[in-house]
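Okay, start-v8.csv now, which holds CSV, N, CA and C atoms:
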chain,number,residue,atom,x,y,z
G,1,MET,N,166.6,133.7,-103.5
G,1,MET,CA,165.5,134.5,-103.8
G,1,MET,C,165.8,136.0,-103.7
G,2,THR,N,165.4,136.8,-104.7
G,2,THR,CA,165.7,138.2,-104.7
G,2,THR,C,164.7,138.9,-103.7
G,3,PHE,N,165.1,140.1,-103.4
G,3,PHE,CA,164.2,140.9,-102.5
G,3,PHE,C,162.8,141.2,-103.2
G,4,PRO,N,162.7,141.6,-104.5
G,4,PRO,CA,161.4,141.7,-105.1
G,4,PRO,C,160.6,140.4,-105.1
G,5,GLU,N,161.3,139.3,-105.4
G,5,GLU,CA,160.6,138.0,-105.4
G,5,GLU,C,160.0,137.7,-104.0
G,6,HIS,N,160.8,138.0,-103.0
G,6,HIS,CA,160.4,137.8,-101.6
G,6,HIS,C,159.2,138.7,-101.2
G,7,LEU,N,159.2,139.9,-101.6
G,7,LEU,CA,158.1,140.8,-101.4
G,7,LEU,C,156.8,140.2,-102.0
G,8,LEU,N,156.9,139.8,-103.2
G,8,LEU,CA,155.7,139.2,-103.9
G,8,LEU,C,155.2,138.0,-103.2
G,9,LEU,N,156.1,137.1,-102.8
G,9,LEU,CA,155.8,135.9,-102.1
G,9,LEU,C,155.1,136.2,-100.7
G,10,LEU,N,155.6,137.1,-100.0
G,10,LEU,CA,155.1,137.5,-98.7
G,10,LEU,C,153.7,138.1,-98.9
G,11,ARG,N,153.5,139.0,-99.8
G,11,ARG,CA,152.2,139.6,-100.1
G,11,ARG,C,151.2,138.6,-100.5
G,12,ARG,N,151.5,137.8,-101.4
G,12,ARG,CA,150.6,136.7,-101.9
G,12,ARG,C,150.2,135.7,-100.7
G,13,SER,N,151.2,135.4,-99.9
G,13,SER,CA,150.9,134.5,-98.8
G,13,SER,C,150.0,135.1,-97.8
G,14,HIS,N,149.8,136.4,-97.8
G,14,HIS,CA,148.9,137.0,-96.9
G,14,HIS,C,147.6,137.4,-97.6
G,15,GLY,N,147.5,137.0,-98.8
G,15,GLY,CA,146.2,137.2,-99.6
G,15,GLY,C,145.9,138.7,-99.9
G,16,LEU,N,147.0,139.4,-100.1
G,16,LEU,CA,146.8,140.9,-100.3
G,16,LEU,C,147.1,141.3,-101.7
G,17,LYS,N,146.4,142.3,-102.2
G,17,LYS,CA,146.7,142.9,-103.5
G,17,LYS,C,147.7,144.0,-103.2
G,18,GLN,N,148.5,144.4,-104.2
G,18,GLN,CA,149.5,145.5,-104.0
G,18,GLN,C,148.9,146.7,-103.4
G,19,MET,N,147.7,147.1,-103.9
G,19,MET,CA,147.1,148.4,-103.4
G,19,MET,C,146.7,148.2,-102.0
G,20,GLU,N,146.2,147.1,-101.6
G,20,GLU,CA,145.8,146.9,-100.2
G,20,GLU,C,147.1,147.0,-99.2
G,21,LEU,N,148.1,146.3,-99.6
G,21,LEU,CA,149.3,146.3,-98.8
G,21,LEU,C,149.9,147.8,-98.7
G,22,ALA,N,150.0,148.4,-99.9
G,22,ALA,CA,150.5,149.8,-99.9
G,22,ALA,C,149.8,150.7,-99.0
G,23,LYS,N,148.5,150.6,-99.0
G,23,LYS,CA,147.6,151.4,-98.1
G,23,LYS,C,147.9,151.1,-96.6
G,24,LYS,N,148.0,149.8,-96.3
G,24,LYS,CA,148.3,149.4,-94.9
G,24,LYS,C,149.6,149.9,-94.3
G,25,ILE,N,150.6,150.1,-95.2
G,25,ILE,CA,151.9,150.6,-94.7
G,25,ILE,C,152.2,152.0,-95.1
G,26,GLY,N,151.2,152.7,-95.7
G,26,GLY,CA,151.3,154.1,-95.9
G,26,GLY,C,152.1,154.5,-97.2
G,27,LEU,N,152.0,153.7,-98.2
G,27,LEU,CA,152.7,153.9,-99.5
G,27,LEU,C,151.7,154.1,-100.6
G,28,SER,N,152.1,154.7,-101.7
G,28,SER,CA,151.3,154.7,-102.9
G,28,SER,C,151.4,153.3,-103.5
G,29,TRP,N,150.3,153.0,-104.3
G,29,TRP,CA,150.3,151.7,-105.0
G,29,TRP,C,151.5,151.6,-105.9
G,30,LYS,N,151.7,152.7,-106.7
G,30,LYS,CA,152.8,152.7,-107.7
G,30,LYS,C,154.2,152.6,-107.0
G,31,GLY,N,154.3,153.3,-105.9
G,31,GLY,CA,155.6,153.2,-105.2
G,31,GLY,C,155.9,151.7,-104.7
G,32,TYR,N,154.9,151.1,-104.2
G,32,TYR,CA,155.1,149.7,-103.7
G,32,TYR,C,155.3,148.8,-104.9
G,33,GLN,N,154.6,149.0,-106.0
G,33,GLN,CA,154.8,148.2,-107.2
G,33,GLN,C,156.2,148.2,-107.7
G,34,ASN,N,156.8,149.4,-107.6
G,34,ASN,CA,158.2,149.5,-108.1
G,34,ASN,C,159.2,148.7,-107.3
G,35,TYR,N,158.8,148.4,-106.0
G,35,TYR,CA,159.7,147.6,-105.2
G,35,TYR,C,159.5,146.1,-105.6
G,36,GLU,N,158.3,145.7,-105.9
G,36,GLU,CA,158.1,144.3,-106.4
G,36,GLU,C,158.7,144.1,-107.7
G,37,LEU,N,158.7,145.1,-108.6
G,37,LEU,CA,159.3,144.9,-109.9
G,37,LEU,C,160.8,145.1,-109.9
G,38,GLY,N,161.4,145.5,-108.8
G,38,GLY,CA,162.8,145.7,-108.7
G,38,GLY,C,163.3,147.0,-109.4
G,39,LEU,N,162.4,147.9,-109.6
G,39,LEU,CA,162.8,149.2,-110.2
G,39,LEU,C,163.3,150.2,-109.3
G,40,ARG,N,163.0,150.0,-108.0
G,40,ARG,CA,163.4,150.9,-106.9
G,40,ARG,C,163.7,150.1,-105.7
G,41,GLU,N,164.5,150.6,-104.8
G,41,GLU,CA,164.8,150.0,-103.5
G,41,GLU,C,164.1,150.9,-102.4
G,42,PRO,N,163.5,150.3,-101.4
G,42,PRO,CA,162.8,151.1,-100.4
G,42,PRO,C,163.8,151.8,-99.4
G,43,LYS,N,163.3,152.9,-98.9
G,43,LYS,CA,164.1,153.5,-97.8
G,43,LYS,C,164.0,152.7,-96.5
G,44,LEU,N,164.9,153.0,-95.6
G,44,LEU,CA,164.9,152.2,-94.3
G,44,LEU,C,163.5,152.3,-93.6
G,45,SER,N,162.9,153.4,-93.6
G,45,SER,CA,161.6,153.5,-93.0
G,45,SER,C,160.5,152.6,-93.6
G,46,THR,N,160.6,152.4,-94.9
G,46,THR,CA,159.7,151.5,-95.6
G,46,THR,C,160.1,150.0,-95.3
G,47,LEU,N,161.3,149.7,-95.2
G,47,LEU,CA,161.7,148.4,-94.8
G,47,LEU,C,161.2,148.1,-93.4
G,48,ILE,N,161.3,149.0,-92.5
G,48,ILE,CA,160.9,148.8,-91.1
G,48,ILE,C,159.4,148.6,-91.1
G,49,ALA,N,158.6,149.4,-91.9
G,49,ALA,CA,157.2,149.2,-92.0
G,49,ALA,C,156.8,147.9,-92.5
G,50,LEU,N,157.5,147.4,-93.5
G,50,LEU,CA,157.2,146.1,-94.1
G,50,LEU,C,157.5,145.0,-93.1
G,51,ALA,N,158.7,145.1,-92.5
G,51,ALA,CA,159.1,144.0,-91.5
G,51,ALA,C,158.1,144.0,-90.4
G,52,ASP,N,157.7,145.1,-89.9
G,52,ASP,CA,156.7,145.2,-88.8
G,52,ASP,C,155.4,144.6,-89.2
G,53,PHE,N,154.9,144.9,-90.4
G,53,PHE,CA,153.7,144.4,-90.9
G,53,PHE,C,153.7,142.9,-91.0
G,54,TYR,N,154.8,142.3,-91.5
G,54,TYR,CA,154.8,140.9,-91.6
G,54,TYR,C,155.3,140.2,-90.3
G,55,GLY,N,155.8,140.9,-89.4
G,55,GLY,CA,156.3,140.3,-88.1
G,55,GLY,C,157.6,139.6,-88.3
G,56,ILE,N,158.4,140.1,-89.1
G,56,ILE,CA,159.7,139.5,-89.4
G,56,ILE,C,160.8,140.6,-89.2
G,57,THR,N,162.1,140.1,-89.2
G,57,THR,CA,163.2,141.1,-89.1
G,57,THR,C,163.5,141.6,-90.5
G,58,ILE,N,164.2,142.7,-90.4
G,58,ILE,CA,164.6,143.3,-91.7
G,58,ILE,C,165.5,142.4,-92.5
G,59,ASP,N,166.4,141.7,-91.7
G,59,ASP,CA,167.3,140.7,-92.4
G,59,ASP,C,166.5,139.7,-93.1
G,60,ASP,N,165.4,139.1,-92.5
G,60,ASP,CA,164.6,138.1,-93.1
G,60,ASP,C,163.9,138.8,-94.3
G,61,LEU,N,163.4,140.0,-94.2
G,61,LEU,CA,162.7,140.7,-95.3
G,61,LEU,C,163.5,140.8,-96.5
G,62,VAL,N,164.8,141.2,-96.3
G,62,VAL,CA,165.7,141.4,-97.5
G,62,VAL,C,166.5,140.2,-97.9
G,63,CYS,N,166.1,139.0,-97.3
G,63,CYS,CA,166.7,137.7,-97.6
G,63,CYS,C,168.2,137.7,-97.4
G,64,HIS,N,168.6,138.4,-96.3
G,64,HIS,CA,170.0,138.4,-95.9
G,64,HIS,C,170.4,137.1,-95.2
G,65,ASP,N,171.4,136.4,-95.7
G,65,ASP,CA,171.9,135.2,-95.1
G,65,ASP,C,172.9,135.5,-94.0
G,66,HIS,N,172.7,135.0,-92.8
G,66,HIS,CA,173.7,135.2,-91.8
G,66,HIS,C,174.8,134.2,-92.0
G,67,PRO,N,176.1,134.7,-91.9
G,67,PRO,CA,177.2,133.7,-92.0
G,67,PRO,C,177.2,132.7,-90.8
G,68,ASN,N,177.6,131.5,-91.1
G,68,ASN,CA,177.7,130.5,-90.1
G,68,ASN,C,178.9,130.9,-89.2
G,69,GLU,N,178.6,130.7,-87.9
G,69,GLU,CA,179.7,131.0,-86.9
G,69,GLU,C,180.4,129.8,-86.5
Written as structure tokens, that's how I'd like the structure from this file.
Amino acid sequence: MTFPEHLLLLRRSHGLKQMELAKKIGLSWKGYQNYELGLREPKLSTLIALADFYGITIDDLVCHDHPNE
């Protein structure tokens, strides 16, 4: 799953509209929309805000697979 697809899935699973989520984490609606569309990548501070909002790690947010040890 790509990062934009994961953002969409997370937002919908929480029953939020793009504008609602953007407001909750201090972003403009258009700025957030660009992340879901894959047109832009968020800054670290935005990744932290999103991960904190959803209660997950940044690795989980960006769909980073941990190598097996």
Fill in: Atom pair atom C of Ser45 of chain G / atom C of Ile25 of chain G: separation (Å)
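For atom C of Ser45 of chain G relative to atom C of Ile25 of chain G, the distance reads 8.5 Å.
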Fill in: Protein, DNA and RNA residues within 8 Å of (166.2, 139.7, -98.1), all atoms listed in the file, as a ChimeraX atom specification
/G:1-4,6-7,58-65
Write the residues you've just listed into a file as a PDB file, in the frame of the given file, and include N, CA and C atoms for each of them.
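Result file part00.pdb:
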ATOM      1  N   MET G   1     166.600 133.700-103.500  1.00  0.00           N
ATOM      2  CA  MET G   1     165.500 134.500-103.800  1.00  0.00           C
ATOM      3  C   MET G   1     165.800 136.000-103.700  1.00  0.00           C
ATOM      4  N   THR G   2     165.400 136.800-104.700  1.00  0.00           N
ATOM      5  CA  THR G   2     165.700 138.200-104.700  1.00  0.00           C
ATOM      6  C   THR G   2     164.700 138.900-103.700  1.00  0.00           C
ATOM      7  N   PHE G   3     165.100 140.100-103.400  1.00  0.00           N
ATOM      8  CA  PHE G   3     164.200 140.900-102.500  1.00  0.00           C
ATOM      9  C   PHE G   3     162.800 141.200-103.200  1.00  0.00           C
ATOM     10  N   PRO G   4     162.700 141.600-104.500  1.00  0.00           N
ATOM     11  CA  PRO G   4     161.400 141.700-105.100  1.00  0.00           C
ATOM     12  C   PRO G   4     160.600 140.400-105.100  1.00  0.00           C
ATOM     13  N   HIS G   6     160.800 138.000-103.000  1.00  0.00           N
ATOM     14  CA  HIS G   6     160.400 137.800-101.600  1.00  0.00           C
ATOM     15  C   HIS G   6     159.200 138.700-101.200  1.00  0.00           C
ATOM     16  N   LEU G   7     159.200 139.900-101.600  1.00  0.00           N
ATOM     17  CA  LEU G   7     158.100 140.800-101.400  1.00  0.00           C
ATOM     18  C   LEU G   7     156.800 140.200-102.000  1.00  0.00           C
ATOM     19  N   ILE G  58     164.200 142.700 -90.400  1.00  0.00           N
ATOM     20  CA  ILE G  58     164.600 143.300 -91.700  1.00  0.00           C
ATOM     21  C   ILE G  58     165.500 142.400 -92.500  1.00  0.00           C
ATOM     22  N   ASP G  59     166.400 141.700 -91.700  1.00  0.00           N
ATOM     23  CA  ASP G  59     167.300 140.700 -92.400  1.00  0.00           C
ATOM     24  C   ASP G  59     166.500 139.700 -93.100  1.00  0.00           C
ATOM     25  N   ASP G  60     165.400 139.100 -92.500  1.00  0.00           N
ATOM     26  CA  ASP G  60     164.600 138.100 -93.100  1.00  0.00           C
ATOM     27  C   ASP G  60     163.900 138.800 -94.300  1.00  0.00           C
ATOM     28  N   LEU G  61     163.400 140.000 -94.200  1.00  0.00           N
ATOM     29  CA  LEU G  61     162.700 140.700 -95.300  1.00  0.00           C
ATOM     30  C   LEU G  61     163.500 140.800 -96.500  1.00  0.00           C
ATOM     31  N   VAL G  62     164.800 141.200 -96.300  1.00  0.00           N
ATOM     32  CA  VAL G  62     165.700 141.400 -97.500  1.00  0.00           C
ATOM     33  C   VAL G  62     166.500 140.200 -97.900  1.00  0.00           C
ATOM     34  N   CYS G  63     166.100 139.000 -97.300  1.00  0.00           N
ATOM     35  CA  CYS G  63     166.700 137.700 -97.600  1.00  0.00           C
ATOM     36  C   CYS G  63     168.200 137.700 -97.400  1.00  0.00           C
ATOM     37  N   HIS G  64     168.600 138.400 -96.300  1.00  0.00           N
ATOM     38  CA  HIS G  64     170.000 138.400 -95.900  1.00  0.00           C
ATOM     39  C   HIS G  64     170.400 137.100 -95.200  1.00  0.00           C
ATOM     40  N   ASP G  65     171.400 136.400 -95.700  1.00  0.00           N
ATOM     41  CA  ASP G  65     171.900 135.200 -95.100  1.00  0.00           C
ATOM     42  C   ASP G  65     172.900 135.500 -94.000  1.00  0.00           C
TER      43      ASP G  65
END
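Our summary of the geometry notes that atom N of Trp29 of chain G is positioned 9.4 Å from atom C of Lys17 of chain G.
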May I have the residues within 10 Å of Ala22 of chain G as a CSV table (one decimal) with N, CA and C atoms, in the frame of the given file, using only C-alpha atoms and disregarding those fewer than 6 positions away in the same chain?
chain,number,residue,atom,x,y,z
G,16,LEU,N,147.0,139.4,-100.1
G,16,LEU,CA,146.8,140.9,-100.3
G,16,LEU,C,147.1,141.3,-101.7
G,28,SER,N,152.1,154.7,-101.7
G,28,SER,CA,151.3,154.7,-102.9
G,28,SER,C,151.4,153.3,-103.5
G,29,TRP,N,150.3,153.0,-104.3
G,29,TRP,CA,150.3,151.7,-105.0
G,29,TRP,C,151.5,151.6,-105.9
G,30,LYS,N,151.7,152.7,-106.7
G,30,LYS,CA,152.8,152.7,-107.7
G,30,LYS,C,154.2,152.6,-107.0
G,31,GLY,N,154.3,153.3,-105.9
G,31,GLY,CA,155.6,153.2,-105.2
G,31,GLY,C,155.9,151.7,-104.7
G,32,TYR,N,154.9,151.1,-104.2
G,32,TYR,CA,155.1,149.7,-103.7
G,32,TYR,C,155.3,148.8,-104.9
G,33,GLN,N,154.6,149.0,-106.0
G,33,GLN,CA,154.8,148.2,-107.2
G,33,GLN,C,156.2,148.2,-107.7
G,50,LEU,N,157.5,147.4,-93.5
G,50,LEU,CA,157.2,146.1,-94.1
G,50,LEU,C,157.5,145.0,-93.1
Worksheet item: When DSSP works through the backbone of this structure, what residues of chain G end up as helix (DSSP H, G or I), shown as number ranges by chain?
Response: G: 3-13, 18-25, 29-36, 44-54, 58-61
Item to complete: Choose the residue, out of G:Leu27, G:Ala51, G:Leu37, G:Leu21, that has the smallest atom-to-atom separation from Glu5 of chain G; count all atoms listed in the file.
Response: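 For Glu5 of chain G, the nearest of the candidates is G:Leu37.
Nearest to Lys24 of chain G of all the residues G:Ala49, G:Thr57, G:Leu39, G:Leu44 is G:Ala49, counting only C-alpha atoms.
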